[in-house]
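Coordinates as given in query-v1.pdb (PDB, C-alpha atoms):
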ATOM      1  CA  MET A   4      92.888 103.237 105.662
ATOM      2  CA  ASN A   5      91.830  99.915 107.060
ATOM      3  CA  ALA A   6      92.869  96.502 105.794
ATOM      4  CA  ARG A   7      89.585  95.832 103.981
ATOM      5  CA  HIS A   8      89.801  99.049 101.969
ATOM      6  CA  LYS A   9      93.433  98.358 101.088
ATOM      7  CA  GLN A  10      92.446  94.912  99.866
ATOM      8  CA  ILE A  11      89.691  96.364  97.675
ATOM      9  CA  LEU A  12      92.060  98.840  96.049
ATOM     10  CA  ARG A  13      94.552  96.038  95.378
ATOM     11  CA  LYS A  14      91.831  93.839  93.901
ATOM     12  CA  PHE A  15      90.616  96.520  91.479
ATOM     13  CA  ARG A  16      93.968  98.235  90.900
ATOM     14  CA  LEU A  17      94.215  97.563  87.150
ATOM     15  CA  GLU A  18      90.531  98.203  86.554
ATOM     16  CA  ILE A  19      90.582 101.524  88.419
ATOM     17  CA  SER A  20      93.770 102.734  86.749
ATOM     18  CA  SER A  21      92.374 101.998  83.267
ATOM     19  CA  GLN A  22      88.985 103.646  83.818
ATOM     20  CA  ILE A  23      89.557 106.922  85.677
ATOM     21  CA  LEU A  24      91.323 110.161  84.781
ATOM     22  CA  VAL A  25      93.044 111.412  87.917
ATOM     23  CA  ASP A  26      94.416 114.681  86.535
ATOM     24  CA  GLY A  27      91.161 116.579  86.876
ATOM     25  CA  LEU A  28      88.591 116.454  89.639
ATOM     26  CA  VAL A  29      89.968 113.385  91.427
ATOM     27  CA  VAL A  30      93.374 114.767  92.390
ATOM     28  CA  GLN A  31      92.116 118.302  93.023
ATOM     29  CA  TYR A  32      89.343 117.061  95.317
ATOM     30  CA  LEU A  33      91.747 114.882  97.294
ATOM     31  CA  TYR A  34      94.121 117.837  97.617
ATOM     32  CA  GLN A  35      91.269 120.113  98.749
ATOM     33  CA  GLU A  36      90.239 117.576 101.403
ATOM     34  CA  GLY A  37      93.787 117.240 102.750
ATOM     35  CA  VAL A  38      94.248 113.653 101.607
ATOM     36  CA  LEU A  39      97.076 114.602  99.241
ATOM     37  CA  THR A  40      99.871 117.087  99.798
ATOM     38  CA  GLN A  41     101.100 119.475  97.110
ATOM     39  CA  ASN A  42     104.221 117.357  96.644
ATOM     40  CA  GLN A  43     102.121 114.230  96.162
ATOM     41  CA  VAL A  44      99.933 116.004  93.585
ATOM     42  CA  GLU A  45     103.067 116.997  91.666
ATOM     43  CA  GLU A  46     104.445 113.469  91.991
ATOM     44  CA  ILE A  47     101.250 112.039  90.479
ATOM     45  CA  LYS A  48     101.154 114.586  87.646
ATOM     46  CA  SER A  49     104.807 113.892  86.781
ATOM     47  CA  GLU A  50     103.927 110.397  85.537
ATOM     48  CA  ASN A  51     103.783 110.274  81.721
ATOM     49  CA  THR A  52     100.574 108.258  81.201
ATOM     50  CA  ASN A  53      97.171 108.433  82.817
ATOM     51  CA  GLN A  54      97.379 104.802  83.939
ATOM     52  CA  LYS A  55     100.698 105.447  85.688
ATOM     53  CA  LYS A  56      99.202 108.547  87.337
ATOM     54  CA  ALA A  57      96.292 106.498  88.625
ATOM     55  CA  MET A  58      98.611 103.773  89.906
ATOM     56  CA  LYS A  59     100.751 106.345  91.685
ATOM     57  CA  LEU A  60      97.608 107.674  93.380
ATOM     58  CA  LEU A  61      96.639 104.137  94.430
ATOM     59  CA  ASP A  62     100.131 103.669  95.896
ATOM     60  CA  ILE A  63      99.785 106.839  97.973
ATOM     61  CA  LEU A  64      96.191 106.512  99.237
ATOM     62  CA  PRO A  65      96.742 103.655 101.753
ATOM     63  CA  ILE A  66      99.135 105.772 103.827
ATOM     64  CA  ARG A  67      97.012 108.930 103.843
ATOM     65  CA  GLY A  68      94.910 108.307 106.909
ATOM     66  CA  PRO A  69      91.630 106.690 107.974
ATOM     67  CA  LYS A  70      89.396 108.783 105.697
ATOM     68  CA  SER A  71      91.405 108.404 102.484
ATOM     69  CA  PHE A  72      89.214 105.637 101.034
ATOM     70  CA  GLU A  73      85.987 107.503 101.803
ATOM     71  CA  LYS A  74      87.368 110.691 100.227
ATOM     72  CA  PHE A  75      88.571 108.740  97.202
ATOM     73  CA  LEU A  76      85.025 107.453  96.663
ATOM     74  CA  GLU A  77      83.720 111.022  96.911
ATOM     75  CA  SER A  78      86.277 112.153  94.316
ATOM     76  CA  LEU A  79      84.898 109.701  91.723
ATOM     77  CA  GLU A  80      81.898 111.893  90.868
ATOM     78  CA  GLU A  81      82.770 111.744  87.156
ATOM     79  CA  PHE A  82      83.197 107.964  87.296
ATOM     80  CA  PRO A  83      80.041 106.683  89.059
ATOM     81  CA  TRP A  84      80.388 103.139  87.656
ATOM     82  CA  VAL A  85      83.779 102.779  89.370
ATOM     83  CA  ARG A  86      82.504 104.260  92.631
ATOM     84  CA  GLU A  87      79.439 102.002  92.649
ATOM     85  CA  LYS A  88      81.568  98.894  92.100
ATOM     86  CA  LEU A  89      83.865  99.806  95.018
ATOM     87  CA  ILE A  90      80.904 100.555  97.290
ATOM     88  CA  TRP A  91      79.276  97.254  96.341
ATOM     89  CA  GLU A  92      82.501  95.425  97.130
ATOM     90  CA  CYS A  93      82.676  97.137 100.547
ATOM     91  CA  MET A  94      79.158  96.048 101.369
ATOM     92  CA  ASN A  95      79.619  92.447 100.274
ATOM     93  CA  GLN A  96      83.146  91.627 101.328
ATOM     94  CA  GLU A  97      83.148  89.589 104.513
ATOM     95  CA  MET A  98      85.664  90.411 107.206
ATOM     96  CA  PRO A  99      86.428  88.214 110.209
ATOM     97  CA  GLU A 100      84.780  89.466 113.386
ATOM     98  CA  ASN A 101      86.962  90.411 116.336
ATOM     99  CA  GLN A 102      90.066  90.128 114.181
ATOM    100  CA  ALA A 103      92.300  91.531 116.898
ATOM    101  CA  GLU A 104      90.746  89.444 119.659
ATOM    102  CA  SER A 105      91.754  86.193 117.962
ATOM    103  CA  TRP A 106      95.358  86.627 119.056
ATOM    104  CA  MET A 107      95.421  89.468 121.589
ATOM    105  CA  TYR A 108      94.384  87.086 124.369
ATOM    106  CA  ARG A 109      97.992  85.877 124.260
ATOM    107  CA  VAL A 110      99.112  89.261 125.606
ATOM    108  CA  PRO A 111      98.457  89.564 129.382
ATOM    109  CA  GLU A 112      95.539  91.850 130.197
ATOM    110  CA  HIS A 113      97.581  94.090 132.501
ATOM    111  CA  ILE A 114      99.972  94.729 129.597
ATOM    112  CA  LEU A 115      97.140  95.415 127.135
ATOM    113  CA  ASN A 116      95.755  98.043 129.510
ATOM    114  CA  SER A 117      99.125  99.662 130.183
ATOM    115  CA  VAL A 118     100.957 102.453 128.358
ATOM    116  CA  PRO A 119     103.870 100.956 126.379
ATOM    117  CA  PRO A 120     107.358 102.107 127.475
ATOM    118  CA  ASP A 121     109.669 103.730 124.928
ATOM    119  CA  LYS A 122     111.838 100.582 124.890
ATOM    120  CA  GLN A 123     108.935  98.531 123.505
ATOM    121  CA  LEU A 124     107.993 101.257 121.050
ATOM    122  CA  ASN A 125     111.573 101.259 119.789
ATOM    123  CA  LYS A 126     111.395  97.487 119.230
ATOM    124  CA  LEU A 127     108.155  97.982 117.314
ATOM    125  CA  ALA A 128     109.727 100.791 115.264
ATOM    126  CA  SER A 129     112.525  98.430 114.217
ATOM    127  CA  LYS A 130     109.968  95.959 112.819
ATOM    128  CA  LEU A 131     107.777  98.337 110.826
ATOM    129  CA  GLY A 132     108.247  99.260 107.176
ATOM    130  CA  SER A 133     106.578 101.731 104.851
ATOM    131  CA  GLU A 134     103.207 101.105 106.513
ATOM    132  CA  TRP A 135     104.313 103.118 109.558
ATOM    133  CA  GLU A 136     102.857 106.383 108.210
ATOM    134  CA  SER A 137      99.427 104.825 107.818
ATOM    135  CA  ILE A 138      99.669 103.388 111.341
ATOM    136  CA  VAL A 139     100.449 106.703 113.032
ATOM    137  CA  PHE A 140      97.723 108.404 110.956
ATOM    138  CA  GLU A 141      95.280 105.907 112.416
ATOM    139  CA  LEU A 142      96.639 106.710 115.869
ATOM    140  CA  GLY A 143      95.756 110.362 115.320
ATOM    141  CA  LEU A 144      98.916 112.048 114.083
ATOM    142  CA  SER A 145      98.730 114.531 111.213
ATOM    143  CA  SER A 146     100.748 114.837 108.017
ATOM    144  CA  VAL A 147     102.566 117.772 109.626
ATOM    145  CA  ASP A 148     103.545 115.592 112.591
ATOM    146  CA  ILE A 149     104.938 112.938 110.254
ATOM    147  CA  TYR A 150     106.807 115.521 108.208
ATOM    148  CA  LYS A 151     108.491 116.853 111.352
ATOM    149  CA  CYS A 152     109.547 113.345 112.371
ATOM    150  CA  LYS A 153     111.118 112.857 108.956
ATOM    151  CA  VAL A 154     112.906 116.205 109.116
ATOM    152  CA  HIS A 155     114.326 115.458 112.560
ATOM    153  CA  TYR A 156     115.756 112.105 111.404
ATOM    154  CA  PRO A 157     116.123 112.318 107.595
ATOM    155  CA  HIS A 158     118.382 109.260 107.327
ATOM    156  CA  ASN A 159     116.986 107.022 110.061
ATOM    157  CA  VAL A 160     113.513 105.584 109.481
ATOM    158  CA  GLN A 161     113.459 103.742 112.806
ATOM    159  CA  SER A 162     114.035 107.020 114.657
ATOM    160  CA  GLN A 163     111.262 108.671 112.613
ATOM    161  CA  ILE A 164     108.842 105.923 113.620
ATOM    162  CA  LEU A 165     109.892 105.993 117.272
ATOM    163  CA  GLU A 166     109.456 109.766 117.493
ATOM    164  CA  ALA A 167     105.971 109.464 115.983
ATOM    165  CA  LEU A 168     104.965 106.721 118.446
ATOM    166  CA  VAL A 169     106.345 108.651 121.413
ATOM    167  CA  LEU A 170     104.432 111.725 120.227
ATOM    168  CA  TRP A 171     101.223 109.644 120.110
ATOM    169  CA  LYS A 172     101.888 108.382 123.633
ATOM    170  CA  ARG A 173     102.569 111.867 124.965
ATOM    171  CA  ARG A 174      99.416 113.330 123.417
ATOM    172  CA  CYS A 175      97.057 110.535 124.430
ATOM    173  CA  GLY A 176      98.443 109.974 127.917
ATOM    174  CA  LYS A 177      96.726 107.093 129.714
ATOM    175  CA  LYS A 178      94.611 106.376 126.642
ATOM    176  CA  ALA A 179      97.743 105.399 124.693
ATOM    177  CA  THR A 180      97.480 101.761 125.698
ATOM    178  CA  VAL A 181      99.004  98.636 124.204
ATOM    179  CA  HIS A 182      95.445  97.513 123.419
ATOM    180  CA  SER A 183      94.630 100.594 121.332
ATOM    181  CA  LEU A 184      97.978 100.296 119.556
ATOM    182  CA  CYS A 185      97.404  96.601 118.815
ATOM    183  CA  GLU A 186      93.990  97.335 117.318
ATOM    184  CA  VAL A 187      95.554  99.734 114.823
ATOM    185  CA  LEU A 188      98.426  97.356 114.060
ATOM    186  CA  THR A 189      95.919  94.587 113.354
ATOM    187  CA  ALA A 190      93.864  96.805 111.052
ATOM    188  CA  GLN A 191      97.061  97.638 109.166
ATOM    189  CA  ASP A 192      97.948  93.954 108.635
ATOM    190  CA  VAL A 193     101.051  93.929 110.845
ATOM    191  CA  ASP A 194     102.104  90.340 111.585
ATOM    192  CA  PRO A 195     100.584  89.396 114.983
ATOM    193  CA  ALA A 196     103.692  87.330 115.797
ATOM    194  CA  ILE A 197     105.766  90.518 115.790
ATOM    195  CA  VAL A 198     103.369  92.305 118.127
ATOM    196  CA  ILE A 199     103.119  89.328 120.513
ATOM    197  CA  ALA A 200     106.902  89.013 120.681
ATOM    198  CA  ILE A 201     107.221  92.661 121.680
ATOM    199  CA  PHE A 202     104.383  92.969 124.194
ATOM    200  CA  GLN A 203     103.998  89.469 125.655
TER     201      GLN A 203
END

Write-out of the structure in structure tokens:
Amino acid sequence: MNARHKQILRKFRLEISSQILVDGLVVQYLYQEGVLTQNQVEEIKSENTNQKKAMKLLDILPIRGPKSFEKFLESLEEFPWVREKLIWECMNQEMPENQAESWMYRVPEHILNSVPPDKQLNKLASKLGSEWESIVFELGLSSVDIYKCKVHYPHNVQSQILEALVLWKRRCGKKATVHSLCEVLTAQDVDPAIVIAIFQ
């Protein structure tokens, strides 16, 4: 999920959670489309009020990949007034153009076009928090890939993140450039100062 969609969900968090019932079509559709896992469905249903269930869903959606917002809109078939408001907000919210380009010029071009070594990826892994799952989703990893990383290092989040980034690099080969990584980091609101310090 990109930064704009995250911002929209934050902006309308209370309104969404008070106006939709997630127990029915919403959760089942998101599960059918692979946005939610079975464990996440059970986690949502375990909440004792509908508002808490909706808030739990809104907490989970941002880390469920690039199509999670689009699929969430599709799931709101029974709540067209909510869906229309979110779509309207998407169409009217202004985003800065070339967001990444505003600071990436500070990273040398030969570095931007290179494949990052594991040492740099490890530094990046040490700086990331809970947003790391959303980042590697955007880079093309699946929920199964992320699960395996967690199983391999159940008590070390930095090692989970590093394994996921190394897996991305191995799969994408020469296309796994610093530039492509920086674009995803920017979209996920990672502090540019962190990225510059690692790759400059």

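Omitting Lys178 of chain A and its sequence neighbours fewer than 2 positions away, and counting all atoms listed in the file, the residues within 12 Å are Leu115, Asn116, Ser117, Val118, Pro119, Leu142, Trp171, Lys172, Arg173, Arg174, Cys175, Gly176, Thr180, Val181, His182, Ser183 and Leu184 of chain A.
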
_Distance of atom CA of Leu60 of chain A from atom CA of Leu79 of chain A, expressed in Å to one decimal place_ = 13.0 Å

_the PyMOL selection byres ((chain A and resi 132) around 10) - which residues does that actually catch in the file I just gave you? List them as an MDAnalysis selection string._
chainID A and resid 128:131 133:136 160:161 164 193

*Rank nothing, just name the residue among A:Leu33, A:Ile90, A:Ile19, A:Val85 nearest to Lys55 of chain A, using only C-alpha atoms.*
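For Lys55 of chain A, the nearest of the given residues is A:Ile19.
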
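Distances from A:Phe82, A:Trp91, A:Phe72, A:Tyr150 to Val25 of chain A were compared using only C-alpha atoms, and the smallest one belongs to A:Phe82.
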
*Hey, can you check how far atom CA of Val187 of chain A sits from atom CA of Phe15 of chain A?*
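Distance reported for this atom pair: 24.1 Å.
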